[in-house]
file input_27.txt (compact mmCIF, C-alpha atoms (C1' of nucleotides))
# COMPACT_ATOMS: atom_id res chain seq x y z
CA MET A 1 -27.85 -19.56 -0.83
CA ARG A 2 -27.03 -23.21 -1.04
CA ALA A 3 -25.86 -24.96 2.10
CA ASP A 4 -22.41 -25.82 0.80
CA ALA A 5 -21.95 -22.30 -0.46
CA LYS A 6 -22.71 -20.88 2.93
CA ARG A 7 -20.33 -23.34 4.54
CA ASN A 8 -17.51 -22.26 2.28
CA TYR A 9 -18.37 -18.61 2.74
CA ASP A 10 -18.03 -18.96 6.47
CA ARG A 11 -14.82 -20.91 6.29
CA ILE A 12 -13.27 -18.28 4.04
CA VAL A 13 -14.24 -15.45 6.37
CA GLU A 14 -12.82 -17.36 9.30
CA ALA A 15 -9.58 -18.10 7.52
CA ALA A 16 -9.27 -14.48 6.41
CA ARG A 17 -9.89 -13.20 9.90
CA GLU A 18 -7.07 -15.41 11.11
CA LEU A 19 -4.56 -14.58 8.39
CA PHE A 20 -5.32 -10.87 8.39
CA ARG A 21 -4.74 -10.80 12.12
CA GLU A 22 -1.35 -12.42 11.58
CA GLN A 23 -0.20 -10.55 8.50
CA GLY A 24 -2.47 -7.57 8.06
CA TYR A 25 -4.92 -6.68 5.33
CA ASP A 26 -2.35 -7.18 2.60
CA ALA A 27 -1.98 -10.91 3.15
CA SER A 28 -2.25 -13.17 0.12
CA LEU A 29 -5.80 -14.09 -0.83
CA ASP A 30 -4.72 -17.37 -2.37
CA GLU A 31 -3.27 -18.19 1.01
CA VAL A 32 -6.62 -17.41 2.58
CA ALA A 33 -8.26 -19.78 0.12
CA LYS A 34 -5.73 -22.46 0.91
CA ARG A 35 -6.33 -22.15 4.64
CA ALA A 36 -10.05 -22.25 4.11
CA GLY A 37 -9.60 -25.41 2.06
CA VAL A 38 -11.20 -24.00 -1.08
CA GLY A 39 -9.94 -23.07 -4.52
CA PRO A 40 -9.15 -19.49 -5.45
CA GLY A 41 -12.15 -19.47 -7.77
CA THR A 42 -14.49 -20.06 -4.87
CA LEU A 43 -12.97 -17.24 -2.89
CA TYR A 44 -13.20 -14.74 -5.73
CA ARG A 45 -16.77 -15.66 -6.53
CA HIS A 46 -17.87 -14.88 -3.00
CA PHE A 47 -15.56 -11.89 -2.66
CA PRO A 48 -14.69 -10.28 -6.00
CA LYS A 49 -12.46 -7.69 -4.35
CA ARG A 50 -10.29 -7.82 -1.28
CA GLU A 51 -12.47 -5.21 0.33
CA ASN A 52 -15.54 -7.41 0.09
CA LEU A 53 -13.74 -9.87 2.30
CA ILE A 54 -12.68 -7.16 4.70
CA ASP A 55 -16.27 -5.98 4.74
CA ALA A 56 -17.44 -9.39 5.91
CA ILE A 57 -14.85 -9.38 8.64
CA LEU A 58 -15.91 -5.95 9.84
CA GLN A 59 -19.46 -7.15 10.35
CA SER A 60 -19.07 -7.75 14.07
CA TRP A 61 -16.79 -4.77 14.32
CA MET A 62 -19.64 -2.30 13.96
CA ASP A 63 -21.03 -3.23 17.35
CA LYS A 64 -17.70 -2.48 18.96
CA VAL A 65 -17.72 0.90 17.29
CA THR A 66 -21.12 1.98 18.55
CA ASP A 67 -20.34 0.58 21.99
CA ALA A 68 -17.17 2.61 22.11
CA ALA A 69 -19.04 5.77 21.19
CA ASP A 70 -21.62 5.05 23.90
CA LYS A 71 -18.90 4.63 26.46
CA ALA A 72 -17.20 7.81 25.33
CA LEU A 73 -20.41 9.79 25.70
CA ALA A 74 -21.06 8.33 29.13
CA PHE A 75 -17.68 9.53 30.28
CA GLU A 76 -17.64 11.67 33.40
CA GLY A 77 -14.98 14.30 33.12
CA ASP A 78 -13.95 17.37 31.22
CA ASP A 79 -14.32 17.77 27.50
CA ARG A 80 -10.63 17.50 26.78
CA ALA A 81 -10.31 14.12 28.47
CA LEU A 82 -13.49 12.93 26.83
CA LEU A 83 -12.28 13.79 23.36
CA LEU A 84 -8.82 12.42 23.96
CA ASN A 85 -10.22 9.13 25.22
CA TRP A 86 -12.49 8.88 22.23
CA PHE A 87 -9.65 9.53 19.80
CA GLU A 88 -7.50 6.89 21.44
CA GLU A 89 -10.37 4.47 21.17
CA TYR A 90 -10.90 5.49 17.55
CA VAL A 91 -7.28 4.76 16.73
CA ARG A 92 -7.48 1.43 18.50
CA LEU A 93 -10.62 0.48 16.59
CA ILE A 94 -9.14 1.06 13.17
CA SER A 95 -5.69 -0.28 14.04
CA GLN A 96 -6.68 -3.82 14.89
CA HIS A 97 -5.19 -5.12 11.64
CA LYS A 98 -2.07 -3.86 9.96
CA GLY A 99 -3.06 -1.73 7.00
CA GLY A 100 -6.43 -1.01 8.57
CA PRO A 101 -6.05 2.70 9.27
CA ALA A 102 -5.11 3.53 5.69
CA LYS A 103 -7.79 1.30 4.20
CA ILE A 104 -10.60 2.49 6.43
CA THR A 105 -9.71 6.16 6.25
CA ARG A 106 -9.50 6.10 2.49
CA ALA A 107 -12.80 4.23 2.13
CA MET A 108 -14.46 6.91 4.25
CA GLY A 109 -14.93 9.17 1.26
CA ASP A 110 -15.05 6.63 -1.53
CA PRO A 111 -18.58 5.68 -2.64
CA GLU A 112 -17.17 2.81 -4.69
CA SER A 113 -15.61 1.07 -1.74
CA PRO A 114 -17.39 -2.06 -0.52
CA ILE A 115 -16.57 -1.15 3.07
CA MET A 116 -18.08 2.30 2.81
CA THR A 117 -21.15 1.47 4.89
CA LYS A 118 -18.94 0.14 7.66
CA CYS A 119 -16.98 3.34 7.57
CA GLN A 120 -20.18 5.33 7.74
CA VAL A 121 -20.95 3.65 11.02
CA LEU A 122 -17.58 4.75 12.31
CA ALA A 123 -18.08 8.24 10.95
CA GLY A 124 -21.50 8.31 12.56
CA ALA A 125 -20.11 7.27 15.91
CA ASN A 126 -17.51 10.00 15.66
CA ALA A 127 -20.16 12.52 14.70
CA ARG A 128 -22.15 11.70 17.83
CA VAL A 129 -19.18 12.54 20.02
CA ILE A 130 -18.26 15.65 18.07
CA ASP A 131 -21.83 16.94 17.95
CA ARG A 132 -22.21 16.49 21.66
CA LEU A 133 -19.16 18.64 22.26
CA ARG A 134 -20.31 21.15 19.73
CA GLU A 135 -23.62 21.52 21.52
CA ASP A 136 -21.71 22.20 24.71
CA GLY A 137 -19.97 24.99 22.85
CA ALA A 138 -16.65 23.38 23.56
CA LEU A 139 -15.62 23.11 19.91
CA ARG A 140 -14.43 25.48 17.25
CA ASP A 141 -17.43 26.29 15.15
CA ASP A 142 -15.93 25.34 11.80
CA VAL A 143 -15.02 21.72 12.37
CA GLU A 144 -16.43 19.13 10.02
CA THR A 145 -16.70 15.62 11.36
CA LEU A 146 -15.21 14.05 8.26
CA GLN A 147 -12.17 16.23 8.71
CA VAL A 148 -11.81 14.94 12.23
CA CYS A 149 -11.95 11.36 10.99
CA ARG A 150 -9.22 12.13 8.50
CA LEU A 151 -7.04 13.85 11.04
CA VAL A 152 -7.21 11.01 13.52
CA GLY A 153 -7.09 8.46 10.72
CA GLY A 154 -3.95 10.12 9.42
CA ILE A 155 -2.25 9.79 12.77
CA ALA A 156 -3.31 6.18 13.02
CA THR A 157 -2.01 5.58 9.51
CA VAL A 158 1.49 6.87 10.18
CA ALA A 159 1.55 5.04 13.50
CA ASP A 160 0.57 1.83 11.75
CA GLN A 161 3.10 2.23 8.98
CA SER A 162 5.93 3.24 11.30
CA ASP A 163 5.09 0.66 13.97
CA LEU A 164 4.66 3.31 16.64
CA ASP A 165 3.26 2.24 19.94
CA PRO A 166 0.30 3.96 21.60
CA THR A 167 2.63 5.93 23.85
CA ALA A 168 3.92 7.82 20.82
CA VAL A 169 0.44 8.36 19.43
CA ARG A 170 -1.03 10.05 22.46
CA PRO A 171 0.88 13.35 22.25
CA MET A 172 -0.12 13.71 18.62
CA LEU A 173 -3.74 13.21 19.51
CA GLU A 174 -3.37 15.80 22.24
CA VAL A 175 -2.29 18.37 19.69
CA VAL A 176 -5.34 17.65 17.58
CA VAL A 177 -7.62 17.78 20.59
CA ASP A 178 -6.23 21.14 21.67
CA GLY A 179 -6.58 22.42 18.17
CA LEU A 180 -10.22 21.40 18.03
CA LEU A 181 -11.39 22.70 21.40
CA THR A 182 -12.14 26.34 21.86
CA MET B 1 32.46 4.06 -12.48
CA ARG B 2 32.68 3.07 -16.10
CA ALA B 3 31.38 5.48 -18.71
CA ASP B 4 28.62 3.22 -19.99
CA ALA B 5 27.55 2.47 -16.43
CA LYS B 6 27.15 6.12 -15.63
CA ARG B 7 25.25 6.68 -18.83
CA ASN B 8 22.80 3.94 -17.96
CA TYR B 9 22.53 5.15 -14.39
CA ASP B 10 21.50 8.57 -15.58
CA ARG B 11 19.05 7.26 -18.12
CA ILE B 12 17.38 5.12 -15.49
CA VAL B 13 17.02 8.01 -13.07
CA GLU B 14 15.56 10.14 -15.81
CA ALA B 15 13.09 7.46 -16.87
CA ALA B 16 12.09 6.89 -13.27
CA ARG B 17 11.55 10.55 -12.65
CA GLU B 18 9.27 10.64 -15.63
CA LEU B 19 7.28 7.52 -14.85
CA PHE B 20 6.97 8.27 -11.15
CA ARG B 21 5.59 11.65 -11.96
CA GLU B 22 2.98 10.03 -14.17
CA GLN B 23 2.07 7.06 -12.02
CA GLY B 24 3.49 7.66 -8.57
CA TYR B 25 6.15 5.85 -6.60
CA ASP B 26 4.44 2.49 -7.08
CA ALA B 27 4.99 2.37 -10.83
CA SER B 28 6.50 -0.79 -12.29
CA LEU B 29 10.29 -0.90 -12.16
CA ASP B 30 10.51 -3.14 -15.19
CA GLU B 31 8.64 -0.42 -17.00
CA VAL B 32 11.22 2.08 -15.84
CA ALA B 33 13.95 -0.18 -17.21
CA LYS B 34 12.11 -0.49 -20.48
CA ARG B 35 11.77 3.27 -20.85
CA ALA B 36 15.41 3.72 -20.01
CA GLY B 37 16.27 1.17 -22.68
CA VAL B 38 18.07 -1.19 -20.32
CA GLY B 39 17.38 -4.67 -18.98
CA PRO B 40 15.90 -5.23 -15.55
CA GLY B 41 19.22 -6.65 -14.37
CA THR B 42 20.94 -3.36 -15.00
CA LEU B 43 18.34 -1.45 -13.10
CA TYR B 44 18.48 -3.71 -10.07
CA ARG B 45 22.27 -3.67 -9.98
CA HIS B 46 22.31 0.09 -9.73
CA PHE B 47 19.27 0.27 -7.48
CA PRO B 48 18.76 -2.89 -5.44
CA LYS B 49 15.62 -1.52 -3.81
CA ARG B 50 12.95 0.82 -5.10
CA GLU B 51 13.94 3.32 -2.46
CA ASN B 52 17.46 3.56 -3.82
CA LEU B 53 15.95 4.83 -7.01
CA ILE B 54 13.69 7.24 -5.18
CA ASP B 55 16.73 8.40 -3.27
CA ALA B 56 18.49 9.33 -6.49
CA ILE B 57 15.45 11.25 -7.64
CA LEU B 58 15.26 13.17 -4.39
CA GLN B 59 18.82 14.44 -4.85
CA SER B 60 17.78 17.77 -6.29
CA TRP B 61 14.77 17.85 -4.02
CA MET B 62 16.86 18.64 -0.97
CA ASP B 63 17.64 22.10 -2.23
CA LYS B 64 13.97 22.86 -2.63
CA VAL B 65 13.44 21.78 0.95
CA THR B 66 16.05 24.06 2.46
CA ASP B 67 14.94 26.91 0.25
CA ALA B 68 11.39 26.48 1.43
CA ALA B 69 12.49 26.57 5.06
CA ASP B 70 14.50 29.73 4.40
CA LYS B 71 11.50 31.38 2.84
CA ALA B 72 9.28 30.31 5.72
CA LEU B 73 11.67 31.82 8.25
CA ALA B 74 11.92 35.04 6.29
CA PHE B 75 8.15 35.41 6.43
CA GLU B 76 6.86 38.69 7.78
CA GLY B 77 3.73 38.10 9.75
CA ASP B 78 2.36 36.47 12.85
CA ASP B 79 3.41 33.06 14.09
CA ARG B 80 0.20 31.36 13.17
CA ALA B 81 0.42 32.39 9.53
CA LEU B 82 4.08 31.49 9.44
CA LEU B 83 3.51 28.00 10.72
CA LEU B 84 0.50 27.45 8.52
CA ASN B 85 2.41 28.52 5.44
CA TRP B 86 5.28 26.25 6.33
CA PHE B 87 2.99 23.28 6.83
CA GLU B 88 1.32 23.89 3.49
CA GLU B 89 4.72 24.02 1.88
CA TYR B 90 5.75 20.87 3.74
CA VAL B 91 2.73 19.03 2.41
CA ARG B 92 3.44 20.25 -1.09
CA LEU B 93 7.05 19.15 -0.89
CA ILE B 94 6.26 15.57 0.06
CA SER B 95 3.22 15.29 -2.18
CA GLN B 96 4.90 15.84 -5.51
CA HIS B 97 4.59 12.16 -6.38
CA LYS B 98 1.68 9.91 -5.52
CA GLY B 99 2.69 7.66 -2.66
CA GLY B 100 5.31 10.17 -1.56
CA PRO B 101 3.80 11.27 1.75
CA ALA B 102 3.50 7.74 3.08
CA LYS B 103 6.93 6.69 1.88
CA ILE B 104 8.75 9.76 3.16
CA THR B 105 6.97 9.88 6.49
CA ARG B 106 7.62 6.24 7.17
CA ALA B 107 11.30 6.50 6.21
CA MET B 108 11.65 9.34 8.69
CA GLY B 109 12.15 6.97 11.57
CA ASP B 110 13.58 3.97 9.77
CA PRO B 111 17.39 3.72 9.89
CA GLU B 112 17.30 0.96 7.27
CA SER B 113 15.64 3.11 4.65
CA PRO B 114 17.87 4.30 1.82
CA ILE B 115 16.05 7.61 1.74
CA MET B 116 16.60 8.26 5.42
CA THR B 117 19.25 10.93 4.87
CA LYS B 118 16.94 12.80 2.53
CA CYS B 119 14.25 12.66 5.16
CA GLN B 120 16.67 13.97 7.73
CA VAL B 121 17.12 17.06 5.63
CA LEU B 122 13.38 17.56 5.63
CA ALA B 123 13.20 16.92 9.35
CA GLY B 124 16.03 19.38 9.86
CA ALA B 125 14.26 22.05 7.83
CA ASN B 126 11.14 21.51 9.90
CA ALA B 127 13.17 21.68 13.09
CA ARG B 128 14.54 25.06 12.10
CA VAL B 129 11.05 26.47 11.77
CA ILE B 130 9.79 24.84 14.94
CA ASP B 131 12.79 25.88 16.98
CA ARG B 132 12.45 29.45 15.87
CA LEU B 133 8.86 29.50 17.11
CA ARG B 134 9.84 27.76 20.29
CA GLU B 135 12.43 30.42 21.01
CA ASP B 136 9.75 33.04 20.52
CA GLY B 137 7.79 31.22 23.19
CA ALA B 138 4.95 30.77 20.75
CA LEU B 139 4.87 26.99 21.05
CA ARG B 140 3.71 24.47 23.62
CA ASP B 141 6.79 23.40 25.48
CA ASP B 142 6.39 19.68 24.96
CA VAL B 143 6.37 19.43 21.19
CA GLU B 144 8.93 17.20 19.53
CA THR B 145 9.83 18.01 15.96
CA LEU B 146 9.55 14.42 14.79
CA GLN B 147 6.01 14.37 16.08
CA VAL B 148 5.24 17.43 14.04
CA CYS B 149 6.61 15.76 10.93
CA ARG B 150 4.40 12.77 11.58
CA LEU B 151 1.33 14.87 12.20
CA VAL B 152 1.70 16.85 9.02
CA GLY B 153 2.91 13.78 7.15
CA GLY B 154 -0.21 11.94 8.31
CA ILE B 155 -2.45 14.63 6.91
CA ALA B 156 -0.54 14.61 3.64
CA THR B 157 -0.82 10.83 3.53
CA VAL B 158 -4.59 10.73 3.84
CA ALA B 159 -4.89 13.60 1.39
CA ASP B 160 -2.73 11.72 -1.07
CA GLN B 161 -4.59 8.46 -0.68
CA SER B 162 -8.02 10.07 -0.82
CA ASP B 163 -7.15 12.45 -3.65
CA LEU B 164 -8.06 15.50 -1.62
CA ASP B 165 -7.19 18.87 -3.01
CA PRO B 166 -5.26 21.50 -1.06
CA THR B 167 -8.48 23.30 -0.19
CA ALA B 168 -9.51 20.36 1.95
CA VAL B 169 -6.08 20.03 3.52
CA ARG B 170 -5.84 23.56 4.82
CA PRO B 171 -8.46 23.34 7.59
CA MET B 172 -6.82 20.21 8.93
CA LEU B 173 -3.48 21.95 9.07
CA GLU B 174 -5.14 24.82 10.89
CA VAL B 175 -6.28 22.49 13.61
CA VAL B 176 -2.75 21.20 14.06
CA VAL B 177 -1.33 24.70 14.05
CA ASP B 178 -3.77 25.85 16.71
CA GLY B 179 -3.00 22.78 18.75
CA LEU B 180 0.70 23.49 18.63
CA LEU B 181 0.69 27.20 19.41
CA THR B 182 0.28 28.42 22.95
C1' DT C 1 -36.06 -42.79 -5.05
C1' DT C 2 -34.72 -40.85 -8.94
C1' DG C 3 -33.53 -37.70 -12.43
C1' DA C 4 -33.16 -32.98 -14.12
C1' DT C 5 -31.17 -28.66 -13.45
C1' DA C 6 -29.40 -24.80 -11.51
C1' DA C 7 -25.85 -23.61 -8.44
C1' DC C 8 -21.44 -24.26 -7.03
C1' DC C 9 -16.62 -26.05 -6.80
C1' DG C 10 -11.67 -25.98 -7.70
C1' DG C 11 -7.57 -25.87 -9.98
C1' DA C 12 -5.04 -24.98 -14.21
C1' DG C 13 -3.23 -21.18 -16.08
C1' DA C 14 -3.02 -16.27 -17.98
C1' DC C 15 -1.12 -12.09 -16.49
C1' DA C 16 1.78 -8.66 -14.04
C1' DG C 17 5.42 -7.34 -11.04
C1' DT C 18 9.87 -8.36 -8.55
C1' DC C 19 14.27 -9.88 -8.67
C1' DT C 20 18.41 -13.12 -10.00
C1' DC C 21 21.70 -15.62 -12.59
C1' DC C 22 25.04 -16.04 -15.87
C1' DG C 23 26.68 -16.09 -20.69
C1' DT C 24 28.00 -12.28 -23.44
C1' DA C 25 29.56 -7.69 -24.61
C1' DT C 26 32.04 -3.57 -23.65
C1' DC C 27 35.43 -0.53 -21.47
C1' DG C 28 39.88 0.96 -20.24
C1' DT C 29 44.54 -0.16 -19.78
C1' DT C 30 49.06 -2.06 -21.01
C1' DA D 1 45.83 -5.83 -30.08
C1' DA D 2 44.96 -8.31 -26.27
C1' DC D 3 43.51 -8.90 -21.71
C1' DG D 4 41.17 -8.47 -17.26
C1' DA D 5 37.72 -6.12 -15.02
C1' DT D 6 33.38 -4.35 -15.27
C1' DA D 7 28.85 -4.01 -16.82
C1' DC D 8 24.97 -5.53 -19.73
C1' DG D 9 20.47 -7.77 -20.60
C1' DG D 10 17.14 -11.02 -21.00
C1' DA D 11 15.45 -15.59 -19.83
C1' DG D 12 13.15 -17.27 -16.23
C1' DA D 13 12.04 -18.33 -11.18
C1' DC D 14 8.91 -16.75 -7.97
C1' DT D 15 4.78 -14.59 -5.92
C1' DG D 16 0.33 -12.70 -5.98
C1' DT D 17 -4.12 -11.59 -8.54
C1' DC D 18 -7.87 -13.15 -10.90
C1' DT D 19 -10.58 -16.00 -14.62
C1' DC D 20 -12.48 -19.70 -17.11
C1' DC D 21 -14.75 -23.81 -17.58
C1' DG D 22 -15.21 -29.00 -17.08
C1' DG D 23 -16.85 -31.54 -13.43
C1' DT D 24 -19.51 -32.03 -9.09
C1' DT D 25 -23.20 -31.44 -5.78
C1' DA D 26 -27.42 -29.78 -3.64
C1' DT D 27 -32.14 -29.26 -4.25
C1' DC D 28 -36.65 -30.21 -5.68
C1' DA D 29 -40.32 -31.97 -8.36
C1' DA D 30 -42.30 -36.09 -10.00

call {"tool": "encode", "arguments": {"input": "input_27.txt", "output": "structure tokens"}}
result
Amino acid sequence: MRADAKRNYDRIVEAARELFREQGYDASLDEVAKRAGVGPGTLYRHFPKRENLIDAILQSWMDKVTDAADKALAFEGDDRALLLNWFEEYVRLISQHKGGPAKITRAMGDPESPIMTKCQVLAGANARVIDRLREDGALRDDVETLQVCRLVGGIATVADQSDLDPTAVRPMLEVVVDGLLT
Amino acid sequence: MRADAKRNYDRIVEAARELFREQGYDASLDEVAKRAGVGPGTLYRHFPKRENLIDAILQSWMDKVTDAADKALAFEGDDRALLLNWFEEYVRLISQHKGGPAKITRAMGDPESPIMTKCQVLAGANARVIDRLREDGALRDDVETLQVCRLVGGIATVADQSDLDPTAVRPMLEVVVDGLLT
DNA sequence: TTGATAACCGGAGACAGTCTCCGTATCGTT
DNA sequence: AACGATACGGAGACTGTCTCCGGTTATCAA
């Protein structure tokens, strides 16, 4: 990769990170290009689809995800509190940008999506927590981890789209937790 | 209302119903106008926002909703099956058009939305079922009906956006049901 | 250093969707 | 028939997506 190309690449990612934080994942890409000081052509060559850009932004995000799963597993307390904490963290992780919950949850099962690998990391982190509880015999025996991602992702999606605050999300997560535990 | 105005109004609603069924609630409104054989101006005068058009389409839908709630309450069987059946029906009701679950669930709590009253009917139908179970003492005591709508709406939303079939939705609803019952 | 060349840039503009404005046409009434 | 009120419709402004290609720049070999 040529030096100037890399420079532009980085500036675009930085500009996107900024604008997406302000306006969510649906912000105008031409506006991103403008902020990065490049033409639209340059942006679309590096990132043919919006999701390629989101993918680049989520690069550092993966560490946060695995860290969060580690912390959840290290939790000292009963299974219910552990799972509830993890779900709250899960929601927080995918809700950092407006439009994130829907985008990430949909990409979870879509092999065509450029952010699929990132979502796999999230799904993997979730699986670690779920499997741990399953081994303890604390879980219903028929739960699939992808289902869990969709359930929690669904709650995060409505919360995101209805501008609910975390206080309103918690009781919904409690219902899911109670439904999952034996 | 002038005769020609009413005629156009009806043609637009009919065209919209048709196109939305084919392409979902995000279909082009100019295309709706074209199919109805009117100019865009005419469409936007009758329906300033997309949701006004959706509102008109949902007119007949309200009957289906109350009917479904009646049927659910007339169900002979245990509480779990009753609630599960109702939730499946709820999902079906809001999933008739692509994009429906998200739109309806969001409008549920938005006083500005033109389809709010329609959503109230749905929320009311759900409340009847929930209250009946609450009176039977079958429910956790802290459940709010709006929360239930959001939970089930969230599941329907992810299912809609990920093109899941009802088979995949059922187990998720079961988790919610089990989390809600005592 | 210089020149060749492959890689890259950027912006004009095609395209699609939303929505408005206003000159024109139609309705309903007197 | 004539008039005022009402409604029509399409040109076009605006926004966002995405492409194409003439011009520029980095890189490297000589």

call {"tool": "axis_aligned_box", "arguments": {"input": "input_27.txt", "around": "region 99-110 of chain A", "padding_each_side": "3 Å", "output": "lines of an AutoDock Vina configuration file"}}
result
center_x = -9.1
center_y = 3.7
center_z = 3.9
size_x = 18.0
size_y = 16.9
size_z = 16.8

call {"tool": "interface_residues", "arguments": {"input": "input_27.txt", "of": "chain A", "to": "chain D", "cutoff": "8 Å", "atoms": "only C-alpha atoms (C1' of nucleotides)", "output": "VMD selection string"}}
result
chain A and resid 2 to 4 28 30 41 44

call {"tool": "closest_residue", "arguments": {"input": "input_27.txt", "among": "A:Val176, A:Ala36, A:Met62, A:Ala156", "to": "Gly100 (chain A)", "atoms": "only C-alpha atoms"}}
result
A:Ala156

call {"tool": "interface_residues", "arguments": {"input": "input_27.txt", "of": "chain B", "to": "chain A", "cutoff": "10 Å", "atoms": "all atoms listed in the file", "output": "ChimeraX atom specification"}}
result
/B:101-103,105-110,140,142-144,147-148,150-164,168-169,171-182

call {"tool": "interface_residues", "arguments": {"input": "input_27.txt", "of": "chain A", "to": "chain C", "cutoff": "7 Å", "atoms": "all atoms listed in the file", "output": "count of residues only"}}
result
5

call {"tool": "residues_around", "arguments": {"input": "input_27.txt", "residues": "Pro166 (chain B)", "least_positions_apart": "4", "cutoff": "9 Å", "atoms": "only C-alpha atoms (C1' of nucleotides)", "output": "number ranges by chain"}}
result
B: 88, 92, 159, 170

call {"tool": "atom_distance", "arguments": {"input": "input_27.txt", "atom1": "CA of Arg17 (chain A)", "atom2": "CA of Val121 (chain A)"}}
result
20.2 Å

call {"tool": "residues_around", "arguments": {"input": "input_27.txt", "residues": "Trp61 (chain B)", "least_positions_apart": "4", "cutoff": "12 Å", "atoms": "only C-alpha atoms (C1' of nucleotides)", "output": "VMD selection string"}}
result
chain B and resid 17 54 to 57 65 to 68 92 to 97 115 118 to 119 121 to 122

call {"tool": "atom_distance", "arguments": {"input": "input_27.txt", "atom1": "CA of Leu29 (chain A)", "atom2": "CA of Leu53 (chain A)"}}
result
9.5 Å

call {"tool": "atom_distance", "arguments": {"input": "input_27.txt", "atom1": "CA of Asn52 (chain B)", "atom2": "CA of Pro114 (chain B)"}}
result
5.7 Å

call {"tool": "residues_around", "arguments": {"input": "input_27.txt", "residues": "Val129 (chain B)", "least_positions_apart": "3", "cutoff": "10 Å", "atoms": "only C-alpha atoms (C1' of nucleotides)", "output": "list in words"}}
result
Ala69, Asp70, Ala72, Leu73, Leu82, Leu83, Trp86, Phe87, Gly124, Ala125, Asn126, Arg132, Leu133, Arg134 and Thr145 of chain B

call {"tool": "residues_around", "arguments": {"input": "input_27.txt", "residues": "Val32 (chain A)", "least_positions_apart": "2", "cutoff": "9 Å", "atoms": "only C-alpha atoms (C1' of nucleotides)", "output": "ChimeraX atom specification"}}
result
/A:12-13,15-16,18-20,27-30,34-38,40,43

call {"tool": "closest_residue", "arguments": {"input": "input_27.txt", "among": "B:Leu58, B:Ala74, B:Met1, B:Ala33", "to": "Thr117 (chain B)", "atoms": "only C-alpha atoms"}}
result
B:Leu58

call {"tool": "decode", "arguments": {"input": "input_27.txt", "residues": "region 4-14 of chain D", "atoms": "N, CA, C and O atoms (P, O5', C5', C4', C3', O3' and C1' of nucleotides)", "output": "short mmCIF file (atom, residue, chain, number, x, y, z; two decimals), in the first residue's frame"}}
result
data_model
loop_
_atom_site.label_atom_id
_atom_site.label_comp_id
_atom_site.auth_asym_id
_atom_site.auth_seq_id
_atom_site.Cartn_x
_atom_site.Cartn_y
_atom_site.Cartn_z
P DG D 4 -65.31 34.98 -8.16
"O5'" DG D 4 -65.01 34.07 -6.88
"C5'" DG D 4 -66.11 33.75 -6.02
"C4'" DG D 4 -65.81 32.46 -5.29
"C3'" DG D 4 -64.40 32.42 -4.68
"O3'" DG D 4 -64.50 31.84 -3.38
"C1'" DG D 4 -64.70 30.56 -6.13
P DA D 5 -63.28 31.79 -2.39
"O5'" DA D 5 -63.22 30.23 -2.15
"C5'" DA D 5 -64.45 29.50 -2.05
"C4'" DA D 5 -64.20 28.02 -2.20
"C3'" DA D 5 -62.96 27.51 -1.44
"O3'" DA D 5 -63.29 26.26 -0.87
"C1'" DA D 5 -62.78 26.96 -3.73
P DT D 6 -62.38 25.61 0.22
"O5'" DT D 6 -61.81 24.35 -0.54
"C5'" DT D 6 -62.70 23.51 -1.26
"C4'" DT D 6 -61.95 22.70 -2.28
"C3'" DT D 6 -60.65 22.07 -1.74
"O3'" DT D 6 -60.85 20.66 -1.71
"C1'" DT D 6 -60.40 22.92 -3.97
P DA D 7 -59.75 19.68 -1.14
"O5'" DA D 7 -59.05 19.20 -2.49
"C5'" DA D 7 -59.87 18.69 -3.53
"C4'" DA D 7 -59.04 18.49 -4.78
"C3'" DA D 7 -57.72 17.75 -4.54
"O3'" DA D 7 -57.69 16.62 -5.40
"C1'" DA D 7 -57.36 19.70 -5.83
P DC D 8 -56.45 15.70 -5.45
"O5'" DC D 8 -55.79 16.12 -6.83
"C5'" DC D 8 -56.61 16.15 -7.98
"C4'" DC D 8 -55.80 16.57 -9.17
"C3'" DC D 8 -54.50 15.80 -9.34
"O3'" DC D 8 -54.46 15.21 -10.63
"C1'" DC D 8 -54.10 18.15 -9.40
P DG D 9 -53.45 14.00 -10.90
"O5'" DG D 9 -52.14 14.72 -11.45
"C5'" DG D 9 -52.22 15.52 -12.60
"C4'" DG D 9 -50.87 16.16 -12.86
"C3'" DG D 9 -49.69 15.21 -12.62
"O3'" DG D 9 -48.67 15.53 -13.55
"C1'" DG D 9 -49.47 17.07 -11.24
P DG D 10 -48.13 14.52 -14.56
"O5'" DG D 10 -46.88 15.29 -15.17
"C5'" DG D 10 -47.02 16.67 -15.53
"C4'" DG D 10 -45.88 17.46 -14.95
"C3'" DG D 10 -44.54 16.71 -14.84
"O3'" DG D 10 -43.50 17.64 -15.07
"C1'" DG D 10 -45.08 17.56 -12.78
P DA D 11 -42.47 17.40 -16.21
"O5'" DA D 11 -41.59 18.73 -16.23
"C5'" DA D 11 -42.25 20.00 -16.17
"C4'" DA D 11 -41.56 20.90 -15.14
"C3'" DA D 11 -40.03 20.78 -15.11
"O3'" DA D 11 -39.50 22.08 -14.90
"C1'" DA D 11 -40.89 20.30 -12.96
P DG D 12 -37.96 22.38 -15.05
"O5'" DG D 12 -37.39 22.36 -13.55
"C5'" DG D 12 -38.00 23.16 -12.56
"C4'" DG D 12 -37.48 22.78 -11.20
"C3'" DG D 12 -36.00 22.35 -11.16
"O3'" DG D 12 -35.43 22.82 -9.97
"C1'" DG D 12 -37.28 20.74 -10.14
P DA D 13 -34.13 23.65 -9.97
"O5'" DA D 13 -33.88 23.97 -8.43
"C5'" DA D 13 -34.96 24.46 -7.64
"C4'" DA D 13 -34.90 23.87 -6.24
"C3'" DA D 13 -33.48 23.66 -5.71
"O3'" DA D 13 -33.44 24.03 -4.34
"C1'" DA D 13 -34.66 21.61 -5.66
P DC D 14 -32.05 24.22 -3.62
"O5'" DC D 14 -31.90 22.81 -2.89
"C5'" DC D 14 -32.88 22.43 -1.94
"C4'" DC D 14 -32.66 21.00 -1.52
"C3'" DC D 14 -31.18 20.62 -1.28
"O3'" DC D 14 -31.02 20.25 0.07
"C1'" DC D 14 -32.34 18.94 -2.49
#
